[in-house]
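Visitor: Have a peek at structure-v1.pdb (PDB, C-alpha atoms, pLDDT in the B column).
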MODEL        1
ATOM      1  CA  PRO D 502     -40.069  28.652  -3.228  1.00 56.00           C
ATOM      2  CA  HIS D 503     -36.693  28.615  -1.451  1.00 61.00           C
ATOM      3  CA  TYR D 504     -35.199  26.364  -4.145  1.00 60.00           C
ATOM      4  CA  GLU D 505     -36.349  28.553  -7.009  1.00 72.00           C
ATOM      5  CA  LEU D 506     -35.619  31.902  -5.411  1.00 69.00           C
ATOM      6  CA  GLY D 507     -32.233  30.673  -4.205  1.00 71.00           C
ATOM      7  CA  GLY D 508     -31.463  29.483  -7.715  1.00 72.00           C
ATOM      8  CA  GLU D 509     -32.463  32.850  -9.177  1.00 75.00           C
ATOM      9  CA  LEU D 510     -30.323  34.693  -6.649  1.00 78.00           C
ATOM     10  CA  ASP D 511     -27.363  32.402  -7.355  1.00 71.00           C
ATOM     11  CA  ALA D 512     -27.761  32.817 -11.131  1.00 76.00           C
ATOM     12  CA  ALA D 513     -27.878  36.600 -10.653  1.00 80.00           C
ATOM     13  CA  GLY D 514     -24.524  36.506  -8.861  1.00 80.00           C
ATOM     14  CA  GLN D 515     -26.004  36.880  -5.390  1.00 77.00           C
ATOM     15  CA  THR D 516     -24.526  33.631  -4.128  1.00 82.00           C
ATOM     16  CA  ASP D 517     -24.291  34.725  -0.500  1.00 84.00           C
ATOM     17  CA  ALA D 518     -28.014  35.568  -0.417  1.00 85.00           C
ATOM     18  CA  ALA D 519     -28.825  32.228  -2.087  1.00 85.00           C
ATOM     19  CA  LEU D 520     -26.659  30.368   0.420  1.00 88.00           C
ATOM     20  CA  ALA D 521     -28.356  32.125   3.340  1.00 89.00           C
ATOM     21  CA  MET D 522     -31.770  31.130   1.970  1.00 89.00           C
ATOM     22  CA  TRP D 523     -30.725  27.520   1.369  1.00 90.00           C
ATOM     23  CA  ASP D 524     -29.096  27.320   4.819  1.00 91.00           C
ATOM     24  CA  GLU D 525     -32.392  28.411   6.357  1.00 91.00           C
ATOM     25  CA  LEU D 526     -34.246  25.791   4.311  1.00 91.00           C
ATOM     26  CA  LEU D 527     -31.705  23.125   5.295  1.00 93.00           C
ATOM     27  CA  THR D 528     -32.233  23.836   8.985  1.00 92.00           C
ATOM     28  CA  VAL D 529     -35.989  23.394   8.621  1.00 93.00           C
ATOM     29  CA  GLN D 530     -35.623  20.248   6.509  1.00 94.00           C
ATOM     30  CA  LYS D 531     -33.253  18.620   8.996  1.00 94.00           C
ATOM     31  CA  ARG D 532     -35.718  19.299  11.790  1.00 95.00           C
ATOM     32  CA  LEU D 533     -38.781  18.103   9.849  1.00 95.00           C
ATOM     33  CA  PHE D 534     -37.406  15.249   7.750  1.00 95.00           C
ATOM     34  CA  GLY D 535     -34.030  14.354   9.244  1.00 92.00           C
ATOM     35  CA  PRO D 536     -30.475  14.785   7.979  1.00 90.00           C
ATOM     36  CA  ALA D 537     -30.559  11.810   5.581  1.00 89.00           C
ATOM     37  CA  ASP D 538     -33.874  12.614   3.861  1.00 92.00           C
ATOM     38  CA  ALA D 539     -33.722  13.044   0.075  1.00 92.00           C
ATOM     39  CA  LYS D 540     -35.069  16.625   0.280  1.00 92.00           C
ATOM     40  CA  THR D 541     -32.473  17.544   2.898  1.00 93.00           C
ATOM     41  CA  LEU D 542     -29.673  16.021   0.836  1.00 94.00           C
ATOM     42  CA  ALA D 543     -30.875  17.809  -2.310  1.00 92.00           C
ATOM     43  CA  THR D 544     -30.606  21.127  -0.491  1.00 92.00           C
ATOM     44  CA  LEU D 545     -27.157  20.174   0.773  1.00 94.00           C
ATOM     45  CA  VAL D 546     -26.131  19.495  -2.845  1.00 93.00           C
ATOM     46  CA  LEU D 547     -27.338  22.992  -3.853  1.00 91.00           C
ATOM     47  CA  ILE D 548     -25.422  24.557  -0.998  1.00 94.00           C
ATOM     48  CA  THR D 549     -22.165  22.698  -1.589  1.00 95.00           C
ATOM     49  CA  SER D 550     -22.305  23.282  -5.344  1.00 93.00           C
ATOM     50  CA  ALA D 551     -22.753  27.019  -4.836  1.00 92.00           C
ATOM     51  CA  GLN D 552     -20.000  27.101  -2.211  1.00 95.00           C
ATOM     52  CA  LEU D 553     -17.549  25.355  -4.527  1.00 95.00           C
ATOM     53  CA  GLN D 554     -18.524  27.602  -7.440  1.00 91.00           C
ATOM     54  CA  ALA D 555     -17.953  30.661  -5.237  1.00 92.00           C
ATOM     55  CA  ARG D 556     -14.644  29.170  -3.992  1.00 95.00           C
ATOM     56  CA  HIS D 557     -15.857  29.087  -0.394  1.00 95.00           C
ATOM     57  CA  TYR D 558     -13.791  25.958   0.124  1.00 97.00           C
ATOM     58  CA  ALA D 559     -13.512  26.063   3.922  1.00 98.00           C
ATOM     59  CA  ALA D 560     -17.279  26.512   4.276  1.00 96.00           C
ATOM     60  CA  ALA D 561     -17.964  23.727   1.767  1.00 97.00           C
ATOM     61  CA  GLU D 562     -15.772  21.149   3.487  1.00 98.00           C
ATOM     62  CA  PRO D 563     -17.976  20.305   6.518  1.00 97.00           C
ATOM     63  CA  ALA D 564     -21.147  20.339   4.410  1.00 95.00           C
ATOM     64  CA  LEU D 565     -19.508  18.000   1.877  1.00 97.00           C
ATOM     65  CA  ARG D 566     -18.345  15.691   4.656  1.00 97.00           C
ATOM     66  CA  GLU D 567     -21.920  15.580   5.939  1.00 95.00           C
ATOM     67  CA  LEU D 568     -23.287  14.904   2.455  1.00 95.00           C
ATOM     68  CA  LEU D 569     -20.684  12.215   1.768  1.00 97.00           C
ATOM     69  CA  ALA D 570     -21.405  10.442   5.064  1.00 96.00           C
ATOM     70  CA  ALA D 571     -25.126  10.366   4.253  1.00 94.00           C
ATOM     71  CA  ARG D 572     -24.550   9.132   0.710  1.00 95.00           C
ATOM     72  CA  GLU D 573     -22.042   6.476   1.747  1.00 96.00           C
ATOM     73  CA  ALA D 574     -24.517   5.215   4.351  1.00 95.00           C
ATOM     74  CA  SER D 575     -27.489   5.040   1.995  1.00 92.00           C
ATOM     75  CA  ALA D 576     -26.060   4.535  -1.507  1.00 93.00           C
ATOM     76  CA  PRO D 577     -22.320   3.867  -1.442  1.00 95.00           C
ATOM     77  CA  ASP D 578     -22.075   2.496  -4.984  1.00 96.00           C
ATOM     78  CA  ILE D 579     -23.862   5.121  -7.075  1.00 96.00           C
ATOM     79  CA  TRP D 580     -22.014   7.610  -9.249  1.00 97.00           C
ATOM     80  CA  SER D 581     -23.212  10.653  -7.311  1.00 96.00           C
ATOM     81  CA  THR D 582     -21.538   9.371  -4.142  1.00 97.00           C
ATOM     82  CA  PHE D 583     -18.245   9.362  -6.037  1.00 98.00           C
ATOM     83  CA  ASN D 584     -18.984  12.823  -7.391  1.00 97.00           C
ATOM     84  CA  THR D 585     -19.410  13.955  -3.784  1.00 98.00           C
ATOM     85  CA  ARG D 586     -16.004  12.402  -2.999  1.00 98.00           C
ATOM     86  CA  SER D 587     -14.496  14.430  -5.843  1.00 98.00           C
ATOM     87  CA  ASN D 588     -16.253  17.576  -4.625  1.00 98.00           C
ATOM     88  CA  LEU D 589     -14.870  17.072  -1.118  1.00 98.00           C
ATOM     89  CA  GLY D 590     -11.444  16.653  -2.690  1.00 98.00           C
ATOM     90  CA  ALA D 591     -12.023  19.942  -4.531  1.00 98.00           C
ATOM     91  CA  ALA D 592     -12.816  21.730  -1.265  1.00 98.00           C
ATOM     92  CA  LEU D 593      -9.633  20.344   0.278  1.00 98.00           C
ATOM     93  CA  LEU D 594      -7.606  21.169  -2.845  1.00 98.00           C
ATOM     94  CA  GLY D 595      -8.896  24.742  -2.719  1.00 97.00           C
ATOM     95  CA  GLN D 596      -7.591  24.975   0.845  1.00 98.00           C
ATOM     96  CA  HIS D 597      -4.195  23.562  -0.220  1.00 97.00           C
ATOM     97  CA  LYS D 598      -4.745  20.408   1.849  1.00 98.00           C
ATOM     98  CA  PHE D 599      -3.175  18.377  -0.930  1.00 97.00           C
ATOM     99  CA  ALA D 600      -2.399  15.148   0.923  1.00 97.00           C
ATOM    100  CA  GLU D 601      -5.926  14.986   2.307  1.00 98.00           C
ATOM    101  CA  ALA D 602      -7.489  15.917  -1.060  1.00 98.00           C
ATOM    102  CA  GLU D 603      -5.701  13.286  -3.144  1.00 97.00           C
ATOM    103  CA  PRO D 604      -7.546  10.120  -2.028  1.00 98.00           C
ATOM    104  CA  PHE D 605     -10.930  11.823  -2.430  1.00 98.00           C
ATOM    105  CA  LEU D 606     -10.040  13.144  -5.878  1.00 98.00           C
ATOM    106  CA  VAL D 607      -8.649   9.825  -7.109  1.00 97.00           C
ATOM    107  CA  SER D 608     -11.439   7.639  -5.718  1.00 98.00           C
ATOM    108  CA  GLY D 609     -14.073  10.120  -6.890  1.00 98.00           C
ATOM    109  CA  TYR D 610     -12.770  10.071 -10.442  1.00 97.00           C
ATOM    110  CA  GLU D 611     -12.228   6.305 -10.546  1.00 97.00           C
ATOM    111  CA  GLY D 612     -15.670   5.626  -9.072  1.00 98.00           C
ATOM    112  CA  MET D 613     -17.407   7.822 -11.613  1.00 97.00           C
ATOM    113  CA  VAL D 614     -15.493   6.275 -14.526  1.00 95.00           C
ATOM    114  CA  ALA D 615     -16.446   2.788 -13.314  1.00 97.00           C
ATOM    115  CA  ARG D 616     -20.104   3.887 -13.252  1.00 97.00           C
ATOM    116  CA  ALA D 617     -20.059   6.111 -16.352  1.00 94.00           C
ATOM    117  CA  ASP D 618     -22.970   4.202 -17.875  1.00 95.00           C
ATOM    118  CA  GLN D 619     -25.136   5.254 -14.886  1.00 96.00           C
ATOM    119  CA  ILE D 620     -24.390   8.969 -15.223  1.00 96.00           C
ATOM    120  CA  PRO D 621     -27.078  10.973 -17.045  1.00 95.00           C
ATOM    121  CA  ALA D 622     -25.783  12.702 -20.183  1.00 92.00           C
ATOM    122  CA  ALA D 623     -26.182  16.168 -18.663  1.00 92.00           C
ATOM    123  CA  ALA D 624     -24.013  15.145 -15.691  1.00 94.00           C
ATOM    124  CA  LYS D 625     -21.169  13.513 -17.661  1.00 92.00           C
ATOM    125  CA  ILE D 626     -19.256  16.764 -17.234  1.00 93.00           C
ATOM    126  CA  ARG D 627     -18.636  15.692 -13.637  1.00 95.00           C
ATOM    127  CA  ILE D 628     -16.030  13.208 -14.897  1.00 94.00           C
ATOM    128  CA  MET D 629     -14.175  16.009 -16.681  1.00 93.00           C
ATOM    129  CA  GLU D 630     -14.401  18.219 -13.595  1.00 95.00           C
ATOM    130  CA  ALA D 631     -12.861  15.395 -11.548  1.00 96.00           C
ATOM    131  CA  LEU D 632     -10.033  15.029 -14.060  1.00 94.00           C
ATOM    132  CA  GLN D 633      -9.419  18.781 -14.074  1.00 95.00           C
ATOM    133  CA  ARG D 634      -9.038  18.628 -10.301  1.00 96.00           C
ATOM    134  CA  LEU D 635      -6.488  15.830 -10.668  1.00 96.00           C
ATOM    135  CA  VAL D 636      -4.552  18.013 -13.122  1.00 95.00           C
ATOM    136  CA  GLN D 637      -4.634  20.869 -10.604  1.00 96.00           C
ATOM    137  CA  LEU D 638      -3.500  18.597  -7.772  1.00 97.00           C
ATOM    138  CA  SER D 639      -0.592  17.044  -9.648  1.00 96.00           C
ATOM    139  CA  THR D 640       0.484  20.487 -10.872  1.00 95.00           C
ATOM    140  CA  ALA D 641       0.368  21.858  -7.314  1.00 95.00           C
ATOM    141  CA  LEU D 642       2.404  18.883  -6.088  1.00 95.00           C
ATOM    142  CA  GLY D 643       5.031  19.427  -8.787  1.00 95.00           C
ATOM    143  CA  GLN D 644       4.277  16.157 -10.584  1.00 95.00           C
ATOM    144  CA  PRO D 645       4.485  17.132 -14.277  1.00 93.00           C
ATOM    145  CA  GLU D 646       4.257  13.559 -15.612  1.00 94.00           C
ATOM    146  CA  LYS D 647       1.119  12.836 -13.636  1.00 93.00           C
ATOM    147  CA  SER D 648      -0.318  16.214 -14.585  1.00 92.00           C
ATOM    148  CA  ALA D 649       0.350  15.529 -18.277  1.00 94.00           C
ATOM    149  CA  ALA D 650      -1.247  12.066 -18.043  1.00 93.00           C
ATOM    150  CA  CYS D 651      -4.367  13.490 -16.390  1.00 91.00           C
ATOM    151  CA  GLN D 652      -4.488  16.303 -18.936  1.00 90.00           C
ATOM    152  CA  LYS D 653      -4.325  13.740 -21.769  1.00 92.00           C
ATOM    153  CA  LEU D 654      -7.245  11.822 -20.218  1.00 90.00           C
ATOM    154  CA  LEU D 655      -9.160  15.083 -19.902  1.00 88.00           C
ATOM    155  CA  ASP D 656      -8.463  15.980 -23.534  1.00 89.00           C
ATOM    156  CA  ASP D 657      -9.559  12.485 -24.614  1.00 88.00           C
ATOM    157  CA  HIS D 658     -12.814  12.834 -22.650  1.00 83.00           C
ATOM    158  CA  ARG D 659     -13.481  16.225 -24.232  1.00 83.00           C
ATOM    159  CA  ALA D 660     -12.834  14.841 -27.707  1.00 85.00           C
ATOM    160  CA  ALA D 661     -15.117  11.865 -27.063  1.00 81.00           C
ATOM    161  CA  GLU D 662     -17.916  14.161 -25.905  1.00 76.00           C
ATOM    162  CA  LYS D 663     -17.649  16.234 -29.100  1.00 76.00           C
ATOM    163  CA  SER D 664     -17.502  13.345 -31.559  1.00 67.00           C
ATOM    164  CA  PRO D 665     -20.784  12.052 -32.967  1.00 63.00           C
ATOM    165  CA  PRO D 666     -21.986   8.656 -31.786  1.00 59.00           C
ATOM    166  CA  PRO D 667     -21.212   5.699 -34.052  1.00 58.00           C
ATOM    167  CA  PRO D 668     -23.984   4.780 -36.478  1.00 61.00           C
ATOM    168  CA  ALA D 669     -26.416   2.144 -35.314  1.00 58.00           C
ATOM    169  CA  SER D 670     -25.706  -1.275 -36.739  1.00 53.00           C
ATOM    170  CA  GLN D 671     -28.088  -2.505 -39.393  1.00 50.00           C
ATOM    171  CA  PRO D 672     -30.214  -5.571 -38.562  1.00 48.00           C
TER
ENDMDL
END
Spit out the file's structure as C-alpha cells when you get a sec.

Guide:
Amino acid sequence: PHYELGGELDAAGQTDAALAMWDELLTVQKRLFGPADAKTLATLVLITSAQLQARHYAAAEPALRELLAAREASAPDIWSTFNTRSNLGAALLGQHKFAEAEPFLVSGYEGMVARADQIPAAAKIRIMEALQRLVQLSTALGQPEKSAACQKLLDDHRAAEKSPPPPASQP
C-alpha cells in the first residue's frame, strides 16, 4: 500500500507527502529485512528518484551514497549500479560540488554504455539522462568543447532512439 499510495501522491505533485510515506516504509523495511534487502533497496530507489526529481539534492546525496554502497557490494557490474553512480553525481552537481560530481557522472555514463545491452528498453533513457548531466557539468565548468562533444553524443542517442530498427535479415 505504501508503494502505491506514495506513487499516487508523487504523481499528484505531493512529493513531500510521498517521501514521508516512503521514509516511514524504509525505516520498517530496514528493521525487518536489513539495509541490503531487495525490498529495502527498491524503496530507496523510489525515494532517491523522487528527491532528484524534486531537486532535493542535499537530501538525496546520503540516500544515494547508501544505495550505491549496497549495490556495489552486491552487484557491482550491473547497469543499475552505474545508473546509481550517475544519480549520485546528479545530486552533487545540483549542489554545485562539481569536482566531486565529475567522477560519478563519467563512470556512471561509461558503465551504462558498456552494459547498454543489459538495460531494458524502458530504462534506456537513463543513458541520455547521464549524458545530459555531463553536458550540464561541462557547461558549469566552462568547458565548451567538452559540453559540445557531450551534446553531440546526446543528440546521436536521441536520433538512434527515434530511428526504426534495421530490417531483419532474410534466411

Visitor: Looking at D:Ala576, D:Ala631, D:Ala641, D:Leu547, which one is nearest to Ala521 of chain D, with distances taken over only C-alpha atoms?

Guide: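 Residue with the minimum atom-to-atom distance to Ala521 of chain D: D:Leu547.
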
Visitor: Give me the result of the PyMOL selection byres ((chain D and resi 630) around 12) on this file, residue by residue, as a PyMOL selection string.

Guide: chain D and resi 553-554+584-585+587-588+590-591+606+609-610+613+624-629+631-637+651-652+654-656+658-659

Visitor: Each residue of segment 573-672 of chain D with at least one atom at most 12 Å from segment 528-542 of chain D should appear once, together with its nearest atom pair and the corresponding distance in Å (one decimal); atoms considered: all atoms listed in the file; ordering: chain, then increasing residue number; output as JSON lines.

Guide:
{"residue": "D:Glu573", "atom": "CA", "partner": "D:Ala537", "partner_atom": "CA", "distance": 10.8}
{"residue": "D:Ala574", "atom": "CA", "partner": "D:Ala537", "partner_atom": "CA", "distance": 9.0}
{"residue": "D:Ser575", "atom": "CA", "partner": "D:Ala537", "partner_atom": "CA", "distance": 8.3}
{"residue": "D:Ala576", "atom": "CA", "partner": "D:Ala537", "partner_atom": "CA", "distance": 11.1}
{"residue": "D:Ser581", "atom": "CA", "partner": "D:Leu542", "partner_atom": "CA", "distance": 11.7}
{"residue": "D:Thr582", "atom": "CA", "partner": "D:Leu542", "partner_atom": "CA", "distance": 11.6}
{"residue": "D:Thr585", "atom": "CA", "partner": "D:Leu542", "partner_atom": "CA", "distance": 11.4}

Visitor: Next, dump the selected residues to file, keeping only C-alpha atoms, as a PDB file, keeping the file's coordinate frame.

Guide:
ATOM      1  CA  GLU D 573     -22.042   6.476   1.747  1.00 96.00           C
ATOM      2  CA  ALA D 574     -24.517   5.215   4.351  1.00 95.00           C
ATOM      3  CA  SER D 575     -27.489   5.040   1.995  1.00 92.00           C
ATOM      4  CA  ALA D 576     -26.060   4.535  -1.507  1.00 93.00           C
ATOM      5  CA  SER D 581     -23.212  10.653  -7.311  1.00 96.00           C
ATOM      6  CA  THR D 582     -21.538   9.371  -4.142  1.00 97.00           C
ATOM      7  CA  THR D 585     -19.410  13.955  -3.784  1.00 98.00           C
TER       8      THR D 585
END

Visitor: From the set D:Lys653, D:Arg556, D:Arg572, D:Arg566, which residue has the shortest atom-to-atom contact distance to Phe605 of chain D, counting all atoms listed in the file?

Guide: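 Counting all atoms listed in the file, the residue closest to Phe605 of chain D is D:Arg566.
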
Visitor: Could you please determine the separation between atom CA of Lys663 of chain D and atom CA of Ala649 of chain D in Å, to one decimal place?

Guide: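 Separation between atom CA of Lys663 of chain D and atom CA of Ala649 of chain D: 21.0 Å.
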
Visitor: What's the separation between atom CA of Ala592 of chain D and atom CA of Ala615 of chain D, in Å to one decimal place?

Guide: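 Spanning atom CA of Ala592 of chain D to atom CA of Ala615 of chain D is a straight-line distance of 22.7 Å.
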
Visitor: Provide segment 568-585 of chain D rebuilt to N, CA and C atoms, formatted as a compact mmCIF listing (two decimals), in the coordinates of the input.

Guide:
# COMPACT_ATOMS: atom_id res chain seq x y z
N LEU D 568 -22.63 15.48 3.62
CA LEU D 568 -23.29 14.90 2.46
C LEU D 568 -22.67 13.56 2.09
N LEU D 569 -21.35 13.47 2.11
CA LEU D 569 -20.68 12.22 1.77
C LEU D 569 -21.03 11.12 2.77
N ALA D 570 -21.05 11.44 4.04
CA ALA D 570 -21.40 10.44 5.06
C ALA D 570 -22.81 9.91 4.82
N ALA D 571 -23.75 10.79 4.51
CA ALA D 571 -25.13 10.37 4.25
C ALA D 571 -25.21 9.51 3.00
N ARG D 572 -24.51 9.91 1.96
CA ARG D 572 -24.55 9.13 0.71
C ARG D 572 -23.86 7.79 0.86
N GLU D 573 -22.74 7.75 1.56
CA GLU D 573 -22.04 6.48 1.75
C GLU D 573 -22.87 5.52 2.60
N ALA D 574 -23.67 6.06 3.51
CA ALA D 574 -24.52 5.22 4.35
C ALA D 574 -25.71 4.67 3.58
N SER D 575 -26.26 5.47 2.67
CA SER D 575 -27.49 5.04 2.00
C SER D 575 -27.27 4.48 0.59
N ALA D 576 -26.28 4.96 -0.12
CA ALA D 576 -26.06 4.54 -1.51
C ALA D 576 -24.57 4.62 -1.85
N PRO D 577 -23.77 3.75 -1.28
CA PRO D 577 -22.32 3.87 -1.44
C PRO D 577 -21.81 3.60 -2.85
N ASP D 578 -22.58 2.90 -3.67
CA ASP D 578 -22.08 2.50 -4.98
C ASP D 578 -22.67 3.23 -6.17
N ILE D 579 -23.32 4.38 -5.94
CA ILE D 579 -23.86 5.12 -7.08
C ILE D 579 -22.89 6.24 -7.47
N TRP D 580 -22.98 6.65 -8.71
CA TRP D 580 -22.01 7.61 -9.25
C TRP D 580 -22.00 8.91 -8.47
N SER D 581 -23.16 9.36 -7.99
CA SER D 581 -23.21 10.65 -7.31
C SER D 581 -22.47 10.64 -5.97
N THR D 582 -22.35 9.47 -5.36
CA THR D 582 -21.54 9.37 -4.14
C THR D 582 -20.08 9.65 -4.49
N PHE D 583 -19.63 9.13 -5.62
CA PHE D 583 -18.24 9.36 -6.04
C PHE D 583 -18.04 10.81 -6.49
N ASN D 584 -19.07 11.41 -7.06
CA ASN D 584 -18.98 12.82 -7.39
C ASN D 584 -18.83 13.65 -6.11
N THR D 585 -19.54 13.25 -5.07
CA THR D 585 -19.41 13.96 -3.78
C THR D 585 -17.99 13.79 -3.24
